[in-house]
Amino acid sequence: MIEERGDPARRLADKVALVVGGGQIPGETIGNGKATAKLFAHHGARVVVVDIEPERAEETVDEIRADGGVASAVRGDVTSEADCAAMVASAKDSYGGLDIVHYNVGLGFGDFGVHGTSLEAWRRIHDVNLTGAFLVARAAVPALQERGGGVLLFISSVASVAGVPMSAYKTSKAALNALAHSLAVTHAREGIRVNTILPGLVDTPMAIQGVSKTIGKSEEETRERRNRLVPLRKKMGSAWDVAYAALYLASDEARWVTGVDLLVDGGQMTRKA
């Protein structure tokens with residue numbers, strides 16, 4: 001007999017999920033956080049969508065509700081300890097608890113290597129990519145403990161394990177992996193699973209617009225250049241590829257998976273083997 005682990009059509013039924021960074025900048029494609037929030041809700045989770053730009057969180061919530069899901073929006077700055085506590089409190093107040101935390105906040109702007117990056121940019125990138133994750137985790141763990149277990153997911157990057165010139169971004173994401181490993185070991189006995197997802201080249205508005213501006217190319221040229229770098233079908237992934245990886249790790253199907261750095265990169269890192 002097959003061991004069933006929940007309804008495959010609603011893999012997160014009765015769960016409460018906090019998606020931090022669930023809005024996105026305008027663009028023709030969808031961002032990782034927004035796709036994940038929508039997919040979690042589609043599979044039965046009640047979702048609190050957090051973004052530093054409240055209108056972007058509201059836009060995601062509107063789309064979730066249009067799909068028949070349950071969601072609410074919260075404005076939150078991950079570098080603020082008070083805001084991190086407030087987003088967790090919002091999940092508990094709105095839906096009675098918290099089961100899943102998905103940290104999808106990341107920043108790399110202003111990173112031009114060791115000698116080209118200002119101290120201000122270095123600190124800002126680490127504050128958002130690493131310290132924010134620390135603050136969200138610290139606020140969320142007690143709520144997960146109250147539920148007898150739960151899930152912490154962090155969006156890292158292949159840059160964390162590859163040689164790249166972006167020194168602030170790379171070190172912040174590598175440290176994020178290490179933070180997740182530490183949390184996984186610390187809270188395993190409590191049933192709290194902690195994993196990271198390492199996306200490769202993904203076609204999201206932030207990635208395409210940010211890279212295009214940095215290298216001085218059109219968005220179409222940037223897409224073509226990035227597609228050529230991906231072994232699998234010579235095509236970047238989409239935010240849905242990241243979202244489905246998150247859905248698996250958040251679901252009971254992955255109930256014996258913790259401390260993992262999951263590559264979602266179309267085979268990019270095979271070139272580093």
# chains A, B, ... in the order shown; residues from 1 in each chain; ligands from 1
>>> closest_atom_pairs(of="range 50-111 of chain A", to="range 14-31 of chain A", cutoff="10 Å", atoms="only C-alpha atoms", output="JSON lines")
{"residue": "A:Val50", "atom": "CA", "partner": "A:Val20", "partner_atom": "CA", "distance": 4.7}
{"residue": "A:Asp51", "atom": "CA", "partner": "A:Gly21", "partner_atom": "CA", "distance": 4.9}
{"residue": "A:Ile52", "atom": "CA", "partner": "A:Gly21", "partner_atom": "CA", "distance": 7.6}
{"residue": "A:Glu53", "atom": "CA", "partner": "A:Gly23", "partner_atom": "CA", "distance": 7.6}
{"residue": "A:Pro54", "atom": "CA", "partner": "A:Gly23", "partner_atom": "CA", "distance": 8.2}
{"residue": "A:Glu55", "atom": "CA", "partner": "A:Gly23", "partner_atom": "CA", "distance": 8.1}
{"residue": "A:Arg56", "atom": "CA", "partner": "A:Gly23", "partner_atom": "CA", "distance": 4.5}
{"residue": "A:Ala57", "atom": "CA", "partner": "A:Gly23", "partner_atom": "CA", "distance": 4.6}
{"residue": "A:Glu58", "atom": "CA", "partner": "A:Gly23", "partner_atom": "CA", "distance": 7.9}
{"residue": "A:Glu59", "atom": "CA", "partner": "A:Gly23", "partner_atom": "CA", "distance": 7.3}
{"residue": "A:Thr60", "atom": "CA", "partner": "A:Gly23", "partner_atom": "CA", "distance": 6.1}
{"residue": "A:Val61", "atom": "CA", "partner": "A:Gly23", "partner_atom": "CA", "distance": 9.0}
{"residue": "A:Val70", "atom": "CA", "partner": "A:Val16", "partner_atom": "CA", "distance": 9.9}
{"residue": "A:Ala71", "atom": "CA", "partner": "A:Ala17", "partner_atom": "CA", "distance": 9.3}
{"residue": "A:Ser72", "atom": "CA", "partner": "A:Leu18", "partner_atom": "CA", "distance": 9.9}
{"residue": "A:Ala73", "atom": "CA", "partner": "A:Gly22", "partner_atom": "CA", "distance": 9.1}
{"residue": "A:Val74", "atom": "CA", "partner": "A:Val20", "partner_atom": "CA", "distance": 9.3}
{"residue": "A:Arg75", "atom": "CA", "partner": "A:Val20", "partner_atom": "CA", "distance": 9.7}
{"residue": "A:Gly76", "atom": "CA", "partner": "A:Val20", "partner_atom": "CA", "distance": 8.2}
{"residue": "A:Asp77", "atom": "CA", "partner": "A:Val20", "partner_atom": "CA", "distance": 9.4}
{"residue": "A:Val78", "atom": "CA", "partner": "A:Val20", "partner_atom": "CA", "distance": 8.3}
{"residue": "A:Cys84", "atom": "CA", "partner": "A:Val20", "partner_atom": "CA", "distance": 9.5}
{"residue": "A:Met87", "atom": "CA", "partner": "A:Leu18", "partner_atom": "CA", "distance": 7.9}
{"residue": "A:Val88", "atom": "CA", "partner": "A:Leu18", "partner_atom": "CA", "distance": 7.6}
{"residue": "A:Ser90", "atom": "CA", "partner": "A:Leu18", "partner_atom": "CA", "distance": 9.4}
{"residue": "A:Ala91", "atom": "CA", "partner": "A:Leu18", "partner_atom": "CA", "distance": 7.0}
{"residue": "A:Lys92", "atom": "CA", "partner": "A:Val16", "partner_atom": "CA", "distance": 8.7}
{"residue": "A:Ser94", "atom": "CA", "partner": "A:Val16", "partner_atom": "CA", "distance": 9.6}
{"residue": "A:Tyr95", "atom": "CA", "partner": "A:Val16", "partner_atom": "CA", "distance": 6.8}
{"residue": "A:Gly96", "atom": "CA", "partner": "A:Val16", "partner_atom": "CA", "distance": 8.3}
{"residue": "A:Gly97", "atom": "CA", "partner": "A:Val16", "partner_atom": "CA", "distance": 6.7}
{"residue": "A:Leu98", "atom": "CA", "partner": "A:Val16", "partner_atom": "CA", "distance": 5.1}
{"residue": "A:Asp99", "atom": "CA", "partner": "A:Val16", "partner_atom": "CA", "distance": 5.2}
{"residue": "A:Ile100", "atom": "CA", "partner": "A:Ala17", "partner_atom": "CA", "distance": 4.5}
{"residue": "A:Val101", "atom": "CA", "partner": "A:Leu18", "partner_atom": "CA", "distance": 4.8}
{"residue": "A:His102", "atom": "CA", "partner": "A:Val19", "partner_atom": "CA", "distance": 4.8}
{"residue": "A:Tyr103", "atom": "CA", "partner": "A:Val20", "partner_atom": "CA", "distance": 5.0}
{"residue": "A:Asn104", "atom": "CA", "partner": "A:Gly21", "partner_atom": "CA", "distance": 5.1}
{"residue": "A:Val105", "atom": "CA", "partner": "A:Gly21", "partner_atom": "CA", "distance": 5.1}
{"residue": "A:Gly106", "atom": "CA", "partner": "A:Gly21", "partner_atom": "CA", "distance": 8.5}
>>> residues_around(residues="Leu263 in chain A", least_positions_apart="4", cutoff="10 Å", atoms="only C-alpha atoms", output="list in words")
Ser156, Ser157, Val158, Thr196, Ile197, Leu198, Pro199, Gly200, Val242, Ala245, Gly267, Gln268 and Met269 of chain A
>>> residues_around(residues="Asn177 in chain A", least_positions_apart="5", cutoff="10 Å", atoms="only C-alpha atoms", output="list of chain:residue names")
A:Leu130, A:Phe154, A:Ile155, A:Ser156, A:Ser157, A:Ser160, A:Val161, A:Thr171, A:Ser172, A:Ser182, A:Leu183, A:Asn195, A:Thr196, A:Ile197, A:Leu198, A:Gly259, A:Val260, A:Asp261
>>> select_by_dssp(residues="range 54-226 of chain A", states="alpha helix (DSSP H)", output="PyMOL selection string")
chain A and resi 54-66+81-95+119-126+132-146+167-187+205-215+219-226
>>> atom_distance(atom1="CA of Gly113 in chain A", atom2="CA of Val230 in chain A")
23.6 Å
>>> closest_residue(among="A:Asp265, A:Glu146, A:Asp252, A:Asp111", to="Asp203 in chain A", atoms="only C-alpha atoms")
A:Asp265
>>> residues_around(residues="Tyr169 in chain A", least_positions_apart="4", cutoff="8 Å", atoms="only C-alpha atoms", output="ChimeraX atom specification")
/A:107-108,111,125-126,129,159,173
>>> residues_around(residues="Phe40 in chain A", least_positions_apart="6", cutoff="10 Å", atoms="only C-alpha atoms", output="MDAnalysis selection string")
chainID A and resid 10:13 15:19 34 46:47 64 69 100 243:244 246:247 250:251
>>> select_by_dssp(residues="range 91-255 of chain A", states="strand (DSSP E)", output="NGL selection string")
:A and (100-103 or 150-155 or 192-199)
>>> write_last_selection(atoms="N, CA and C atoms", output="PDB file, in the first residue's frame")
ATOM      1  N   ILE A 100       4.189  27.590   8.860  1.00  0.00           N
ATOM      2  CA  ILE A 100       5.202  27.667   7.803  1.00  0.00           C
ATOM      3  C   ILE A 100       5.680  29.109   7.676  1.00  0.00           C
ATOM      4  N   VAL A 101       6.991  29.267   7.616  1.00  0.00           N
ATOM      5  CA  VAL A 101       7.575  30.582   7.360  1.00  0.00           C
ATOM      6  C   VAL A 101       8.454  30.465   6.121  1.00  0.00           C
ATOM      7  N   HIS A 102       8.184  31.305   5.146  1.00  0.00           N
ATOM      8  CA  HIS A 102       8.946  31.304   3.885  1.00  0.00           C
ATOM      9  C   HIS A 102       9.597  32.664   3.742  1.00  0.00           C
ATOM     10  N   TYR A 103      10.942  32.689   3.813  1.00  0.00           N
ATOM     11  CA  TYR A 103      11.695  33.953   3.763  1.00  0.00           C
ATOM     12  C   TYR A 103      12.226  34.148   2.357  1.00  0.00           C
ATOM     13  N   GLY A 150       6.920  22.702  12.814  1.00  0.00           N
ATOM     14  CA  GLY A 150       6.617  23.557  11.677  1.00  0.00           C
ATOM     15  C   GLY A 150       7.766  23.602  10.701  1.00  0.00           C
ATOM     16  N   VAL A 151       7.740  24.598   9.834  1.00  0.00           N
ATOM     17  CA  VAL A 151       8.694  24.689   8.729  1.00  0.00           C
ATOM     18  C   VAL A 151       9.241  26.102   8.617  1.00  0.00           C
ATOM     19  N   LEU A 152      10.560  26.182   8.481  1.00  0.00           N
ATOM     20  CA  LEU A 152      11.228  27.424   8.112  1.00  0.00           C
ATOM     21  C   LEU A 152      11.912  27.192   6.769  1.00  0.00           C
ATOM     22  N   LEU A 153      11.621  28.045   5.812  1.00  0.00           N
ATOM     23  CA  LEU A 153      12.233  27.967   4.479  1.00  0.00           C
ATOM     24  C   LEU A 153      12.895  29.293   4.155  1.00  0.00           C
ATOM     25  N   PHE A 154      14.113  29.219   3.636  1.00  0.00           N
ATOM     26  CA  PHE A 154      14.838  30.418   3.254  1.00  0.00           C
ATOM     27  C   PHE A 154      15.240  30.330   1.786  1.00  0.00           C
ATOM     28  N   ILE A 155      15.020  31.412   1.050  1.00  0.00           N
ATOM     29  CA  ILE A 155      15.489  31.471  -0.329  1.00  0.00           C
ATOM     30  C   ILE A 155      16.922  31.994  -0.326  1.00  0.00           C
ATOM     31  N   ILE A 192      10.668  21.047  14.144  1.00  0.00           N
ATOM     32  CA  ILE A 192      10.758  22.201  13.243  1.00  0.00           C
ATOM     33  C   ILE A 192      11.796  21.881  12.177  1.00  0.00           C
ATOM     34  N   ARG A 193      11.351  21.838  10.933  1.00  0.00           N
ATOM     35  CA  ARG A 193      12.248  21.545   9.815  1.00  0.00           C
ATOM     36  C   ARG A 193      12.711  22.858   9.178  1.00  0.00           C
ATOM     37  N   VAL A 194      13.995  22.899   8.847  1.00  0.00           N
ATOM     38  CA  VAL A 194      14.586  24.127   8.317  1.00  0.00           C
ATOM     39  C   VAL A 194      15.396  23.786   7.069  1.00  0.00           C
ATOM     40  N   ASN A 195      15.047  24.401   5.950  1.00  0.00           N
ATOM     41  CA  ASN A 195      15.732  24.133   4.689  1.00  0.00           C
ATOM     42  C   ASN A 195      15.914  25.420   3.897  1.00  0.00           C
ATOM     43  N   THR A 196      16.857  25.374   2.952  1.00  0.00           N
ATOM     44  CA  THR A 196      17.038  26.489   2.033  1.00  0.00           C
ATOM     45  C   THR A 196      16.815  26.008   0.606  1.00  0.00           C
ATOM     46  N   ILE A 197      16.405  26.936  -0.233  1.00  0.00           N
ATOM     47  CA  ILE A 197      16.294  26.700  -1.675  1.00  0.00           C
ATOM     48  C   ILE A 197      17.311  27.606  -2.359  1.00  0.00           C
ATOM     49  N   LEU A 198      18.105  27.027  -3.255  1.00  0.00           N
ATOM     50  CA  LEU A 198      19.148  27.763  -3.961  1.00  0.00           C
ATOM     51  C   LEU A 198      18.756  27.891  -5.434  1.00  0.00           C
ATOM     52  N   PRO A 199      18.028  28.933  -5.797  1.00  0.00           N
ATOM     53  CA  PRO A 199      17.664  29.105  -7.206  1.00  0.00           C
ATOM     54  C   PRO A 199      18.879  29.490  -8.049  1.00  0.00           C
TER      55      PRO A 199
END
>>> closest_residue(among="A:Val257, A:Ile215, A:Val128, A:Ala207", to="Val185 in chain A", atoms="only C-alpha atoms")
A:Val257
